[in-house]
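Asks: What follows is data.cif, made up of mmCIF, C-alpha atoms and all ligand atoms:
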data_protein
loop_
_atom_site.label_atom_id
_atom_site.label_comp_id
_atom_site.auth_asym_id
_atom_site.auth_seq_id
_atom_site.Cartn_x
_atom_site.Cartn_y
_atom_site.Cartn_z
CA MET A 6 17.95 25.71 1.34
CA TYR A 7 15.33 23.73 3.24
CA ARG A 8 12.07 25.50 3.87
CA LYS A 9 11.08 25.56 7.53
CA PHE A 10 7.66 24.48 8.50
CA GLY A 11 5.27 27.44 8.66
CA GLN A 12 7.06 29.18 5.81
CA ARG A 13 4.47 27.84 3.45
CA SER A 14 0.96 29.16 3.35
CA GLN A 15 -0.78 25.82 3.84
CA GLY A 16 1.63 24.87 6.60
CA ARG A 17 -0.84 24.61 9.43
CA GLN A 18 -3.11 22.31 7.45
CA ASN A 19 -0.28 19.96 6.66
CA PHE A 20 0.80 20.02 10.22
CA ASN A 21 -2.57 18.72 11.30
CA ARG A 22 -2.61 16.11 8.59
CA PHE A 23 0.47 14.57 10.09
CA ASN A 24 -0.68 14.51 13.59
CA GLY A 25 -4.38 13.94 13.39
CA ASN A 26 -5.21 10.62 11.81
CA GLN A 27 -2.17 8.55 12.36
CA ASN A 28 -4.03 5.56 13.64
CA ARG A 29 -6.42 5.30 10.72
CA GLY A 30 -6.41 1.81 9.30
CA ALA A 31 -3.59 0.61 11.54
CA ARG A 32 -3.57 -1.97 14.28
CA PRO A 33 -3.79 -0.50 17.80
CA VAL A 34 -0.43 0.24 19.36
CA LYS A 35 0.53 -2.38 21.93
CA ALA A 36 2.00 -1.17 25.15
CA PHE A 37 5.64 -0.62 24.37
CA ASN A 38 7.67 1.83 26.34
CA PRO A 39 10.88 2.71 24.50
CA ILE A 40 12.28 4.72 27.40
CA GLU A 41 11.96 1.76 29.73
CA PHE A 42 13.34 -0.53 27.05
CA ILE A 43 16.33 1.66 26.21
CA ASN A 44 17.14 2.00 29.91
CA ASN A 45 17.08 -1.75 30.33
CA ILE A 46 18.93 -2.98 27.28
CA PRO A 47 20.62 -6.13 28.49
CA GLU A 48 24.36 -5.91 28.33
CA VAL A 49 25.85 -8.81 26.41
CA LYS A 50 28.29 -10.36 28.85
CA LYS A 51 31.84 -10.23 27.59
CA GLU A 52 32.42 -13.99 27.71
CA GLU A 53 29.12 -14.60 25.96
CA LYS A 54 30.09 -12.24 23.19
CA GLU A 55 33.48 -13.79 22.73
CA GLN A 56 32.01 -17.26 22.79
CA GLU A 57 29.59 -16.30 20.05
CA ASN A 58 32.26 -14.87 17.86
CA ILE A 59 34.68 -17.77 17.85
CA ILE A 60 34.85 -18.96 14.25
CA THR A 61 35.99 -22.54 13.84
CA HIS A 62 35.88 -22.88 10.04
CA SER A 63 37.20 -21.12 7.02
CA PHE A 64 35.27 -21.37 3.73
CA SER A 65 37.94 -23.72 2.40
CA ASP A 66 37.09 -26.24 5.17
CA PHE A 67 33.58 -26.80 3.84
CA GLN A 68 32.97 -29.75 1.54
CA ILE A 69 31.62 -27.63 -1.27
CA ALA A 70 32.36 -27.43 -5.01
CA PRO A 71 35.51 -25.44 -5.91
CA GLU A 72 33.55 -23.22 -8.33
CA LEU A 73 31.19 -22.28 -5.51
CA LYS A 74 34.17 -21.49 -3.27
CA ARG A 75 35.49 -19.30 -6.05
CA ASN A 76 32.21 -17.35 -6.22
CA ILE A 77 32.25 -16.84 -2.43
CA LEU A 78 35.75 -15.40 -2.67
CA GLU A 79 34.78 -13.26 -5.66
CA LYS A 80 31.99 -11.82 -3.55
CA GLY A 81 34.64 -10.77 -1.06
CA TYR A 82 33.72 -13.09 1.80
CA THR A 83 36.98 -14.14 3.36
CA LYS A 84 35.72 -15.82 6.53
CA PRO A 85 32.35 -17.18 7.59
CA THR A 86 30.16 -15.20 9.99
CA PRO A 87 29.18 -17.04 13.21
CA ILE A 88 25.91 -18.35 11.76
CA GLN A 89 27.64 -19.52 8.58
CA ASP A 90 30.34 -21.11 10.70
CA ARG A 91 27.79 -23.20 12.56
CA ALA A 92 24.99 -23.71 10.03
CA ILE A 93 26.72 -24.58 6.74
CA GLU A 94 28.09 -27.95 7.85
CA PRO A 95 24.84 -29.41 9.25
CA ILE A 96 22.92 -28.20 6.19
CA LEU A 97 25.51 -29.84 3.95
CA GLU A 98 24.93 -33.06 5.92
CA GLY A 99 21.24 -32.82 5.04
CA LYS A 100 20.01 -31.97 8.53
CA ASP A 101 17.06 -29.74 9.35
CA LEU A 102 18.06 -26.50 10.98
CA VAL A 103 16.56 -23.83 13.19
CA GLY A 104 18.58 -20.61 12.94
CA ILE A 105 17.75 -18.01 15.55
CA ALA A 106 19.25 -15.03 13.85
CA ASN A 107 18.23 -11.74 12.37
CA THR A 108 19.22 -9.85 9.27
CA GLY A 109 22.78 -8.63 9.35
CA THR A 110 24.22 -11.90 10.63
CA GLY A 111 24.90 -13.38 7.19
CA LYS A 112 22.05 -15.91 7.42
CA THR A 113 21.27 -15.66 3.70
CA ALA A 114 24.64 -17.08 2.71
CA ALA A 115 24.34 -19.59 5.55
CA PHE A 116 21.51 -21.32 3.70
CA LEU A 117 22.29 -20.39 0.07
CA ILE A 118 25.82 -21.80 0.02
CA PRO A 119 24.95 -25.36 1.14
CA LEU A 120 21.73 -25.42 -0.90
CA ILE A 121 23.48 -24.34 -4.10
CA ASN A 122 26.02 -27.06 -3.41
CA LYS A 123 23.19 -29.57 -2.99
CA VAL A 124 21.86 -28.66 -6.44
CA LEU A 125 25.34 -28.86 -7.94
CA LYS A 126 25.55 -32.44 -6.68
CA ASP A 127 22.09 -33.37 -7.93
CA ARG A 128 20.55 -31.17 -10.59
CA ARG A 129 17.07 -32.59 -9.93
CA GLN A 130 16.94 -30.95 -6.50
CA LYS A 131 14.44 -28.14 -6.09
CA VAL A 132 14.56 -25.48 -3.39
CA LEU A 133 11.78 -23.18 -2.19
CA ILE A 134 12.76 -20.09 -0.18
CA LEU A 135 9.84 -18.28 1.44
CA THR A 136 10.26 -14.76 2.80
CA PRO A 137 7.81 -12.29 4.34
CA THR A 138 8.50 -9.37 2.01
CA ARG A 139 9.21 -8.70 -1.63
CA GLU A 140 12.29 -6.67 -0.78
CA LEU A 141 13.83 -9.48 1.20
CA ALA A 142 13.07 -11.94 -1.60
CA THR A 143 14.72 -9.60 -4.10
CA GLN A 144 17.79 -9.33 -1.89
CA ILE A 145 18.07 -13.10 -1.55
CA LYS A 146 17.77 -13.51 -5.32
CA SER A 147 20.51 -10.95 -5.83
CA GLU A 148 22.82 -12.80 -3.40
CA PHE A 149 21.91 -16.04 -5.16
CA LEU A 150 23.03 -14.56 -8.49
CA ASP A 151 26.48 -13.83 -7.06
CA PHE A 152 26.94 -17.30 -5.62
CA SER A 153 25.59 -19.11 -8.68
CA ARG A 154 27.69 -17.30 -11.30
CA PHE A 155 28.75 -19.64 -14.12
CA LEU A 156 27.14 -22.60 -12.35
CA ASN A 157 24.18 -22.89 -14.69
CA ILE A 158 21.69 -22.89 -11.82
CA PHE A 159 18.71 -20.58 -11.97
CA ALA A 160 16.29 -18.99 -9.52
CA CYS A 161 12.84 -17.62 -10.20
CA LEU A 162 11.66 -14.69 -8.12
CA CYS A 163 7.95 -15.12 -7.40
CA ILE A 164 6.68 -12.02 -5.64
CA GLY A 165 3.57 -9.91 -5.76
CA GLY A 166 3.51 -6.59 -7.54
CA GLU A 167 5.32 -7.96 -10.57
CA ASP A 168 4.13 -9.50 -13.80
CA ILE A 169 2.78 -12.97 -12.98
CA ARG A 170 2.84 -14.09 -16.64
CA ARG A 171 6.57 -13.53 -16.74
CA GLN A 172 6.96 -15.56 -13.56
CA ILE A 173 4.85 -18.36 -15.06
CA ARG A 174 7.06 -18.32 -18.14
CA ASP A 175 10.23 -18.44 -16.00
CA LEU A 176 8.78 -21.29 -13.94
CA SER A 177 8.11 -23.31 -17.09
CA ARG A 178 11.90 -23.44 -17.55
CA ASN A 179 12.04 -25.50 -14.38
CA PRO A 180 14.43 -23.44 -12.20
CA ASN A 181 16.11 -25.18 -9.27
CA PHE A 182 15.33 -22.33 -6.89
CA ILE A 183 12.18 -20.37 -6.22
CA VAL A 184 12.47 -17.31 -3.98
CA ALA A 185 8.97 -16.22 -3.09
CA THR A 186 6.50 -14.44 -0.88
CA PRO A 187 3.54 -16.51 0.44
CA GLY A 188 0.71 -14.75 -1.43
CA ARG A 189 2.26 -15.10 -4.85
CA VAL A 190 3.23 -18.73 -4.28
CA GLN A 191 -0.40 -19.52 -3.58
CA ASP A 192 -1.52 -17.73 -6.75
CA LEU A 193 1.04 -19.72 -8.71
CA ILE A 194 -0.02 -22.99 -7.07
CA GLY A 195 -3.61 -22.09 -7.98
CA SER A 196 -2.69 -21.57 -11.60
CA ARG A 197 -0.66 -24.81 -11.58
CA ALA A 198 2.61 -23.05 -12.37
CA ILE A 199 4.15 -24.44 -9.17
CA ASN A 200 3.82 -27.98 -7.92
CA LEU A 201 5.27 -28.09 -4.42
CA SER A 202 5.47 -31.88 -4.26
CA SER A 203 8.85 -31.77 -6.00
CA PHE A 204 10.47 -29.30 -3.56
CA SER A 205 12.49 -31.34 -1.13
CA SER A 206 14.44 -28.41 0.32
CA VAL A 207 12.58 -25.52 1.90
CA VAL A 208 13.68 -22.39 3.72
CA LEU A 209 11.29 -20.34 5.86
CA ASP A 210 13.08 -17.04 6.33
CA GLU A 211 12.13 -14.52 9.02
CA ALA A 212 9.31 -16.71 10.28
CA ASP A 213 8.51 -14.31 13.12
CA ARG A 214 7.85 -11.57 10.63
CA MET A 215 5.63 -13.85 8.58
CA VAL A 216 3.53 -14.34 11.71
CA ASP A 217 3.52 -10.58 12.45
CA ILE A 218 2.26 -9.81 8.97
CA GLY A 219 -0.47 -12.42 9.30
CA PHE A 220 0.90 -15.12 7.01
CA ILE A 221 0.48 -17.94 9.54
CA LYS A 222 -2.41 -19.64 7.69
CA ASP A 223 -0.69 -19.23 4.34
CA ILE A 224 2.48 -20.81 5.69
CA LYS A 225 0.59 -23.75 7.18
CA TYR A 226 -1.16 -24.29 3.85
CA ILE A 227 2.07 -24.11 1.85
CA VAL A 228 3.86 -26.46 4.27
CA SER A 229 0.97 -28.95 3.97
CA LEU A 230 1.68 -29.25 0.24
CA LEU A 231 5.37 -30.01 0.64
CA PRO A 232 6.69 -33.57 0.47
CA LYS A 233 6.93 -35.23 3.90
CA THR A 234 10.52 -36.20 3.27
CA ARG A 235 12.43 -32.99 2.87
CA GLN A 236 15.16 -30.81 4.31
CA SER A 237 13.66 -27.88 6.20
CA LEU A 238 15.52 -24.77 7.28
CA PHE A 239 13.83 -22.34 9.60
CA PHE A 240 15.10 -18.84 10.40
CA SER A 241 13.61 -16.44 12.89
CA ALA A 242 14.96 -13.67 15.12
CA THR A 243 12.52 -14.54 17.89
CA ILE A 244 10.44 -17.59 18.75
CA ASP A 245 7.12 -17.02 20.47
CA ASN A 246 4.17 -19.42 20.71
CA GLU A 247 2.84 -18.95 17.20
CA VAL A 248 6.29 -19.16 15.65
CA GLN A 249 6.93 -22.28 17.73
CA GLN A 250 3.76 -23.82 16.30
CA ILE A 251 5.00 -23.42 12.74
CA LEU A 252 8.46 -24.57 13.71
CA GLN A 253 7.16 -27.82 15.21
CA SER A 254 5.16 -28.74 12.16
CA PHE A 255 7.99 -27.78 9.83
CA VAL A 256 11.30 -29.25 11.02
CA GLN A 257 12.29 -32.73 12.16
CA ASP A 258 15.04 -33.36 14.65
CA PRO A 259 16.71 -30.04 13.82
CA VAL A 260 20.11 -28.66 14.72
CA THR A 261 19.60 -25.29 16.43
CA VAL A 262 22.01 -22.43 15.90
CA SER A 263 21.50 -19.16 17.75
CA VAL A 264 23.30 -15.98 16.84
CA LYS A 265 21.83 -13.10 18.70
CA THR A 266 24.66 -10.56 18.82
CA ARG A 267 22.80 -8.02 16.73
CA ASP A 268 19.84 -7.95 19.06
CA THR A 269 21.39 -5.67 21.58
CA SER A 270 23.89 -4.18 19.24
CA GLN A 271 26.74 -2.46 20.94
CA ASN A 272 27.23 -0.34 17.83
CA ILE A 273 23.97 1.55 18.10
CA THR A 274 23.52 4.57 20.32
CA GLN A 275 19.85 4.75 21.27
CA LYS A 276 18.06 7.88 22.41
CA VAL A 277 14.54 8.99 23.06
CA ILE A 278 13.47 12.48 21.99
CA LEU A 279 10.49 13.90 23.83
CA VAL A 280 8.45 15.83 21.33
CA GLU A 281 4.94 17.24 21.32
CA LYS A 282 2.70 15.52 18.81
CA THR A 283 2.23 18.72 16.86
CA LYS A 284 5.98 19.45 16.62
CA LYS A 285 7.20 16.15 15.23
CA VAL A 286 7.79 17.31 11.68
CA GLU A 287 9.58 20.44 12.88
CA VAL A 288 11.87 18.44 15.15
CA LEU A 289 12.56 15.96 12.36
CA HIS A 290 13.40 18.81 9.99
CA ASP A 291 15.86 20.29 12.48
CA LEU A 292 17.59 16.94 12.85
CA LEU A 293 17.77 16.22 9.13
CA ILE A 294 19.59 19.46 8.32
CA LYS A 295 22.42 18.49 10.68
CA GLU A 296 25.60 17.50 8.91
CA ASP A 297 26.02 14.10 10.51
CA PHE A 298 22.55 12.91 9.42
CA VAL A 299 24.08 11.49 6.27
CA LYS A 300 21.80 8.57 5.47
CA VAL A 301 18.61 8.40 7.45
CA LEU A 302 15.89 5.79 7.64
CA VAL A 303 12.66 7.16 9.14
CA PHE A 304 9.93 4.82 10.32
CA GLY A 305 6.25 5.66 10.27
CA ARG A 306 3.33 3.42 11.15
CA THR A 307 0.83 3.86 8.37
CA LYS A 308 1.20 3.85 4.60
CA HIS A 309 -0.59 7.19 4.34
CA GLY A 310 1.47 8.77 7.09
CA VAL A 311 4.70 7.61 5.49
CA GLN A 312 3.69 8.96 2.09
CA ARG A 313 2.61 12.30 3.52
CA LEU A 314 5.83 12.70 5.47
CA SER A 315 7.87 11.88 2.39
CA ASP A 316 5.94 14.42 0.29
CA GLU A 317 6.34 17.05 2.95
CA LEU A 318 10.09 16.51 3.27
CA ALA A 319 10.50 16.56 -0.50
CA ALA A 320 8.51 19.82 -0.64
CA ARG A 321 10.92 21.26 1.91
CA GLY A 322 13.86 20.47 -0.33
CA PHE A 323 15.07 17.23 1.25
CA LYS A 324 16.10 14.33 -0.94
CA ALA A 325 13.53 11.90 0.44
CA GLY A 326 11.61 8.88 -0.81
CA ALA A 327 9.05 6.50 0.66
CA ILE A 328 8.47 2.76 0.60
CA HIS A 329 5.24 1.22 1.80
CA GLY A 330 2.66 -1.33 0.81
CA ASP A 331 0.65 1.00 -1.46
CA LYS A 332 3.59 1.47 -3.81
CA ARG A 333 4.13 -0.77 -6.79
CA GLN A 334 7.04 -3.16 -6.46
CA SER A 335 8.93 -1.43 -9.27
CA GLN A 336 8.55 1.92 -7.46
CA ARG A 337 9.75 0.42 -4.19
CA ASN A 338 12.77 -1.08 -5.91
CA ARG A 339 13.60 2.19 -7.60
CA THR A 340 13.38 4.17 -4.35
CA LEU A 341 15.49 1.60 -2.58
CA GLU A 342 18.15 1.76 -5.29
CA LEU A 343 18.20 5.59 -5.10
CA PHE A 344 18.75 5.32 -1.35
CA LYS A 345 21.42 2.68 -1.70
CA LYS A 346 23.25 4.79 -4.28
CA ASP A 347 22.97 7.92 -2.11
CA GLU A 348 20.88 9.73 -4.71
CA ILE A 349 18.35 10.29 -1.95
CA ASN A 350 19.55 10.32 1.65
CA ILE A 351 16.26 10.00 3.53
CA LEU A 352 14.06 6.95 3.25
CA ILE A 353 10.70 6.88 5.00
CA ALA A 354 9.26 3.43 5.46
CA THR A 355 6.67 1.30 7.16
CA ASP A 356 7.80 -1.76 9.11
CA VAL A 357 6.55 -4.23 6.54
CA ALA A 358 8.21 -2.53 3.59
CA SER A 359 11.52 -2.22 5.35
CA ARG A 360 11.77 -5.68 6.83
CA GLY A 361 15.05 -7.40 6.14
CA LEU A 362 16.50 -4.61 4.07
CA ASP A 363 20.22 -4.68 3.81
CA ILE A 364 21.31 -1.11 3.21
CA PRO A 365 24.89 -0.32 4.02
CA ASN A 366 25.93 2.80 5.93
CA VAL A 367 22.63 3.99 7.37
CA SER A 368 23.83 6.66 9.84
CA HIS A 369 20.53 7.19 11.69
CA VAL A 370 17.27 5.39 12.25
CA ILE A 371 14.47 7.67 13.42
CA ASN A 372 11.29 6.24 14.89
CA PHE A 373 8.97 9.05 13.87
CA ASP A 374 6.07 6.90 15.05
CA LEU A 375 6.52 4.39 17.86
CA PRO A 376 7.02 0.77 16.89
CA GLU A 377 4.31 -1.65 17.93
CA SER A 378 6.49 -3.94 19.98
CA ARG A 379 9.95 -4.56 21.31
CA ASP A 380 10.69 -6.84 18.36
CA ALA A 381 9.63 -4.23 15.84
CA TYR A 382 11.87 -1.74 17.65
CA ILE A 383 14.84 -4.07 17.45
CA HIS A 384 14.24 -4.78 13.77
CA ARG A 385 14.03 -1.09 13.01
CA ILE A 386 17.14 0.02 14.82
CA GLY A 387 19.05 -2.96 13.42
CA ARG A 388 19.06 -1.18 10.04
CA THR A 389 21.88 1.00 11.37
CA GLY A 390 25.14 0.12 13.09
CA ARG A 391 25.66 -2.79 10.70
CA ALA A 392 28.86 -4.58 9.83
CA ASP A 393 30.48 -3.13 12.95
CA LYS A 394 29.86 0.47 11.95
CA LYS A 395 28.46 2.96 14.48
CA GLY A 396 24.81 3.94 14.22
CA ILE A 397 22.33 6.14 16.03
CA ALA A 398 18.68 5.33 16.70
CA LEU A 399 16.31 8.10 17.81
CA THR A 400 12.77 7.50 18.97
CA PHE A 401 10.14 10.24 19.10
CA VAL A 402 7.99 9.99 22.19
CA ASN A 403 5.34 12.45 23.27
P1 LIG A 501 22.25 -11.19 5.82
O1 LIG A 501 22.14 -11.33 7.31
O2 LIG A 501 22.28 -12.47 5.10
O3 LIG A 501 21.22 -10.22 5.28
O4 LIG A 501 23.70 -10.51 5.50
C1 LIG A 501 24.05 -9.24 6.00
C2 LIG A 501 25.21 -8.63 5.24
O5 LIG A 501 26.43 -9.32 5.53
C3 LIG A 501 25.06 -8.69 3.72
O6 LIG A 501 25.47 -7.43 3.19
C4 LIG A 501 26.02 -9.76 3.28
O7 LIG A 501 26.50 -9.52 1.98
C5 LIG A 501 27.13 -9.65 4.32
N1 LIG A 501 27.83 -10.92 4.55
C6 LIG A 501 27.28 -12.13 4.73
N2 LIG A 501 28.22 -13.08 4.95
C7 LIG A 501 29.41 -12.45 4.92
C8 LIG A 501 30.78 -12.89 5.07
N3 LIG A 501 31.08 -14.15 5.32
N4 LIG A 501 31.74 -11.95 4.95
C9 LIG A 501 31.43 -10.65 4.72
N5 LIG A 501 30.17 -10.17 4.55
C10 LIG A 501 29.17 -11.06 4.66
#
The structure given in the file should be rewritten as structure tokens.

Replies:
Amino acid sequence: MYRKFGQRSQGRQNFNRFNGNQNRGARPVKAFNPIEFINNIPEVKKEEKEQENIITHSFSDFQIAPELKRNILEKGYTKPTPIQDRAIEPILEGKDLVGIANTGTGKTAAFLIPLINKVLKDRRQKVLILTPTRELATQIKSEFLDFSRFLNIFACLCIGGEDIRRQIRDLSRNPNFIVATPGRVQDLIGSRAINLSSFSSVVLDEADRMVDIGFIKDIKYIVSLLPKTRQSLFFSATIDNEVQQILQSFVQDPVTVSVKTRDTSQNITQKVILVEKTKKVEVLHDLLIKEDFVKVLVFGRTKHGVQRLSDELAARGFKAGAIHGDKRQSQRNRTLELFKKDEINILIATDVASRGLDIPNVSHVINFDLPESRDAYIHRIGRTGRADKKGIALTFVN
């Protein structure tokens, strides 16, 4: 059975560890009031919703290679999602695209399908896909593998935390696709393993998150090395001034597709739990032992806080794991796999580590620490209530 807090001799010390130094090393919390936000969630008007969900294509309508269509079917996709419905055709026509969409909308397939088709038509084509996090890059690569089965097209995953020599070796085989995070791409450019002048198709995925993490300079530098004549695809859930800056220098005469249904998801019940700072772990414990808390994603703000919470929950007998920036990539992947396979049912994460994760069937998202902004809040709670399932998001507020 789970041990309650206070049942262990060093309980009080741990308690203070959780609640004392939470801000150490983190950016200051911006004013974000979840209660106000939750009370004012804009209702998506019925007509708007219906309008957004009208699908005008089936996969068989797209002018793509039959073997690619076969792989889409094999993957179990029977009809396009709204973003695929509207983005695949313009991308196939070679247009630049701005996709205002977040994870969960099917945006990955929206760019992978037409770009794989482009390479099938011309094997000299090279595609660079830039993502903010290693996890998202890994997910894109995995989706790429499904779509490219038996097509003899290869992708190299270039992310930090993994053996760079192996990546250099894979790059020497001249893959058509590179899926990468900005830091590692720059290292590989520096060591002359990547020459961006031959990449005439580029995807910037989750551009808003790249800006949040502080990749804006890196992105500008990478974009400056790309050929002027290229096809540029830009995806972002939100577009503020800084994101707009990158967008303007990146795309030319783009088609814009906006799919925002997930933003104010109707599938997620959102609640605020008022809890004293010193009682947070206790309250979390009492929630986690409830039967319906089947698969729970808990968000903390700092790497240390997340690790400590994970250790504490594990010591109490919960099947919990943590992902954050201090963990090696292989450890993060392993924890993520355990969570996906239900071998652990509680995952504690920082915002950066959890960005873009596609984990099916998360029953609850718990904001143990407040998110820094409205956008971060939306990204967090969007991990539950996916694919039209119901989800619950709880936010601790003191
Ligand atoms: P994404 O927004 O690209 O991360 O995709 C979110 C989830 O939707 C992933 O689990 C995809 O495998 C799934 N998905 C994407 N497109 C389709 C589709 N046309 N039919 C069914 N599932 C899809």

Asks: Would you compute, for all listed atoms of ligand LIG 501 (chain A), the axis-aligned bounding box grown by 6 Å on each side, and then report its centre and edge lengths in Å rounded to one decimal, as JSON?

Replies:
{"center_x": 26.5, "center_y": -10.8, "center_z": 4.6, "size_x": 22.5, "size_y": 18.7, "size_z": 17.3}

Asks: Which polymer residues, protein or nucleic acid, are no farther than 12 Å from (30.7, -24.4, 9.8), counting all atoms listed in the file, as a ChimeraX atom specification?

Replies: /A:59-69,84-98,114-116,118-119,262

Asks: Of the residues A:Arg174, A:Thr136, A:Asp347, A:Ile371, which is the one nearest to A:Leu293, using only C-alpha atoms?

Replies: A:Ile371

Asks: Which residues come within 9 Å of A:Arg337, counting only C-alpha atoms, excluding same-chain residues fewer than 5 positions away, as a PyMOL selection string?

Replies: chain A and resi 140+327-330+332+342+358

Asks: Would you compute the distance between atom CA of A:Phe323 and atom CA of A:Arg339? Give it in Å to one decimal.

Replies: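 The value is 17.5 Å.
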
Asks: Give me, please, the distance in Å between atom CA of A:Ser254 and atom CA of A:Gly188, quoted to one decimal.

Replies: 20.0 Å

Asks: What separation in Å, quoted to one decimal, exists between atom CA of A:Arg129 and atom CA of A:Thr234?

Replies: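 Distance reported for this atom pair: 15.2 Å.
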
Asks: Taking all atoms listed in the file into account, which residues have an atom no farther than 7 Å from ligand LIG 501 (chain A)? I'd like them as number ranges by chain.

Replies: A: 81-86, 107-114, 361, 363, 392

Asks: Which neighbours of A:Phe304 fall inside 6 Å, counting all atoms listed in the file, when residues of the same chain fewer than 2 positions from it are skipped, and could you give them as a PyMOL selection string?

Replies: chain A and resi 353-355+372-373

Asks: From (9.4, -33.6, 13.4), in the file's coordinates, out to 12 Å: which residues are reached, counting all atoms listed in the file? Answer as a list of chain:residue names.

Replies: A:Lys100, A:Asp101, A:Leu102, A:Lys233, A:Thr234, A:Arg235, A:Gln236, A:Ser237, A:Gln250, A:Ile251, A:Leu252, A:Gln253, A:Ser254, A:Phe255, A:Val256, A:Gln257, A:Asp258, A:Pro259, A:Val260

Asks: Restricting the calculation to all atoms listed in the file, which member of A:Val301, A:Ile173, A:Ile121, A:Ala242 is positioned closest to A:Val264?

Replies: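 When distances to A:Val264 are compared using all atoms listed in the file, the smallest one comes from A:Ala242.
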
Asks: Can you tell me which residues surround A:Val184 at a distance of at most 12 Å, considering all atoms listed in the file, apart from same-chain residues fewer than 5 positions away, and format the answer as an MDAnalysis selection string?

Replies: chainID A and resid 113 117 131:150 159:165 172 176 189:190 207:210

Asks: Would you mind telling me which residue in A:Phe401, A:Phe344, A:Phe155, A:Phe240 lies nearest to A:Asn38 when using only C-alpha atoms?

Replies: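 Distance minimum relative to A:Asn38 lands on A:Phe401.
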
Asks: Of the candidates A:Val103, A:Ala319, A:Ile294, A:Leu201, which shows the shortest atom-to-atom distance to A:Leu238, using only C-alpha atoms?

Replies: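 Smallest separation from A:Leu238 among the options: A:Val103.
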
Asks: Using only C-alpha atoms, find the one residue out of A:Glu317, A:Asp151, A:Asp127, A:Asp297 that sits nearest to A:Arg75.

Replies: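 Nearest to A:Arg75: A:Asp151.
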
Asks: Looking at A:Lys395, A:Lys300, A:Lys123, A:Lys308, which one is nearest to A:Ser206, with distances taken over all atoms listed in the file?

Replies: A:Lys123
